Amino acid sequence: MSADNTLAIRRAQAGDRQAFHQLYQQHIGRVYAVCWRLLGDRQKAEDASQESFVKVWQSLPDFKGDSTFATWLHRIATRTAIDCWRRDKRLTFVDPETADGLAEQGGQTTAAANIDGRDLEQAIQRLPPQAKAVFVLFALEGYQHNEIAVLLNIAEGSSKAQYHRARQLLRGFLSEE
């Protein structure tokens with residue numbers, strides 16, 4: 001973590017709104033990208049991003065630095081987007097062209113983009129909602145099945161089964177094209 005970033009975090013923890021705004025500007029692209037990928041709706045992603053930063057502001061005094069600030073923020077954003085998804089009980093994805101534009105604006109890129117991003121994004125769009133959620137969280141966001149089980153309120157075995165199902169369906173979808 002850079003000295004400037006550490007200073008901004010400490011100042012924000014002390015209530016400095018300008019320092020928090022600096023952190024916001026530095027991380028909004030990645031937070032928005034995560035929310036958009038999970039929710040697939042511009043307005044919901046904006047709402048989840050804002051809600052994430054509200055939670056960060058409220059929890060900032062408790063941030064101890066055990067992980068990087070970016071990792072801590074990413075976890076909050078992911079959980080916030082999942083909470084929004086739970087409220088809606090559906091998960092969609094942005095179209096591939098929009099996802100490409102988002103990545104150019106500083107959004108997170110994924111290993112999946114190296115395969116053939118457009119085809120994969122379209123195939124992911126076709127997955128059943130729970131299989132999408134598990135696939136995104138495990139394969140793209142790096143969560144473990146026990147964490148996914150807690151996040152989605154399902155059994156760990158269900159997470160593994162949904163991931164297996166998603167992979168099988170994706171193989172089938174991609175072989176059709």
# chains A, B, ... in the order shown; residues from 1 in each chain; ligands from 1
call {"tool": "residues_around", "arguments": {"residues": "His74 in chain A", "least_positions_apart": "6", "cutoff": "9 Å", "atoms": "only C-alpha atoms", "output": "PyMOL selection string"}}
result
chain A and resi 30-31+34
call {"tool": "write_last_selection", "arguments": {"atoms": "C-alpha atoms", "output": "short mmCIF file (atom, residue, chain, number, x, y, z; two decimals), in the first residue's frame"}}
result
data_model
loop_
_atom_site.label_atom_id
_atom_site.label_comp_id
_atom_site.auth_asym_id
_atom_site.auth_seq_id
_atom_site.Cartn_x
_atom_site.Cartn_y
_atom_site.Cartn_z
CA ARG A 30 -13.58 -1.49 -9.48
CA VAL A 31 -16.53 -1.37 -7.06
CA VAL A 34 -18.13 -5.83 -9.46
#
call {"tool": "atom_distance", "arguments": {"atom1": "CA of Ile148 in chain A", "atom2": "CA of Phe173 in chain A"}}
result
24.1 Å
call {"tool": "residues_around", "arguments": {"residues": "Ala123 in chain A", "least_positions_apart": "3", "cutoff": "8 Å", "atoms": "only C-alpha atoms", "output": "list in words"}}
result
Asp119, Leu120, Arg126, Leu127, Leu170, Phe173 and Leu174 of chain A
call {"tool": "select_by_dssp", "arguments": {"residues": "range 9-170 of chain A", "states": "helix (DSSP H, G or I)", "output": "ChimeraX atom specification"}}
result
/A:9-13,17-39,42-62,69-88,96-104,113-125,129-140,145-152,156-170
call {"tool": "atom_distance", "arguments": {"atom1": "CA of Asn153 in chain A", "atom2": "CA of Phe53 in chain A"}}
result
23.8 Å
call {"tool": "closest_residue", "arguments": {"among": "A:Lys160, A:His21, A:Lys44, A:Lys55", "to": "Glu147 in chain A", "atoms": "only C-alpha atoms"}}
result
A:Lys160
call {"tool": "closest_residue", "arguments": {"among": "A:Ala33, A:Ala139, A:Leu38, A:Leu23", "to": "Trp57 in chain A", "atoms": "only C-alpha atoms"}}
result
A:Leu23
call {"tool": "residues_around", "arguments": {"residues": "Phe20 in chain A", "least_positions_apart": "2", "cutoff": "8 Å", "atoms": "only C-alpha atoms", "output": "MDAnalysis selection string"}}
result
chainID A and resid 8:9 11:12 16:18 22:24 57
call {"tool": "write_last_selection", "arguments": {"atoms": "C-alpha atoms", "output": "mmCIF file, in the first residue's frame"}}
result
data_model
loop_
_atom_site.group_PDB
_atom_site.id
_atom_site.type_symbol
_atom_site.label_atom_id
_atom_site.label_comp_id
_atom_site.auth_asym_id
_atom_site.auth_seq_id
_atom_site.Cartn_x
_atom_site.Cartn_y
_atom_site.Cartn_z
ATOM 1 C CA ALA A 8 -5.715 8.884 3.051
ATOM 2 C CA ILE A 9 -7.111 5.852 4.898
ATOM 3 C CA ARG A 11 -7.334 10.614 7.562
ATOM 4 C CA ALA A 12 -10.644 9.132 6.409
ATOM 5 C CA ASP A 16 -11.791 13.574 6.872
ATOM 6 C CA ARG A 17 -14.361 13.626 4.073
ATOM 7 C CA GLN A 18 -11.861 14.844 1.468
ATOM 8 C CA GLN A 22 -9.965 10.525 -2.621
ATOM 9 C CA LEU A 23 -10.407 6.842 -1.725
ATOM 10 C CA TYR A 24 -13.810 6.852 -3.408
ATOM 11 C CA TRP A 57 -17.608 4.991 5.581
#
call {"tool": "decode", "arguments": {"residues": "range 68-93 of chain A", "atoms": "C-alpha atoms", "output": "PDB file, in the first residue's frame"}}
result
ATOM      1  CA  THR A  68      -5.319  -4.334   1.730  1.00  0.00           C
ATOM      2  CA  PHE A  69      -7.926  -1.607   1.649  1.00  0.00           C
ATOM      3  CA  ALA A  70      -8.828  -2.637  -1.913  1.00  0.00           C
ATOM      4  CA  THR A  71      -9.455  -6.247  -0.847  1.00  0.00           C
ATOM      5  CA  TRP A  72     -11.548  -5.148   2.129  1.00  0.00           C
ATOM      6  CA  LEU A  73     -13.568  -2.772  -0.081  1.00  0.00           C
ATOM      7  CA  HIS A  74     -14.035  -5.438  -2.776  1.00  0.00           C
ATOM      8  CA  ARG A  75     -15.498  -7.836  -0.194  1.00  0.00           C
ATOM      9  CA  ILE A  76     -17.938  -5.194   1.010  1.00  0.00           C
ATOM     10  CA  ALA A  77     -18.973  -4.379  -2.569  1.00  0.00           C
ATOM     11  CA  THR A  78     -19.450  -8.048  -3.455  1.00  0.00           C
ATOM     12  CA  ARG A  79     -21.548  -8.704  -0.367  1.00  0.00           C
ATOM     13  CA  THR A  80     -23.614  -5.579  -0.992  1.00  0.00           C
ATOM     14  CA  ALA A  81     -24.294  -6.633  -4.597  1.00  0.00           C
ATOM     15  CA  ILE A  82     -25.247 -10.123  -3.395  1.00  0.00           C
ATOM     16  CA  ASP A  83     -27.647  -8.585  -0.872  1.00  0.00           C
ATOM     17  CA  CYS A  84     -29.244  -6.624  -3.731  1.00  0.00           C
ATOM     18  CA  TRP A  85     -29.412  -9.812  -5.778  1.00  0.00           C
ATOM     19  CA  ARG A  86     -31.111 -11.613  -2.903  1.00  0.00           C
ATOM     20  CA  ARG A  87     -33.728  -8.880  -2.722  1.00  0.00           C
ATOM     21  CA  ASP A  88     -34.429  -9.319  -6.443  1.00  0.00           C
ATOM     22  CA  LYS A  89     -33.801 -13.097  -6.553  1.00  0.00           C
ATOM     23  CA  ARG A  90     -32.197 -12.852  -9.954  1.00  0.00           C
ATOM     24  CA  LEU A  91     -28.744 -12.340 -11.388  1.00  0.00           C
ATOM     25  CA  THR A  92     -28.032 -10.975 -14.851  1.00  0.00           C
ATOM     26  CA  PHE A  93     -24.938  -9.902 -16.677  1.00  0.00           C
TER      27      PHE A  93
END
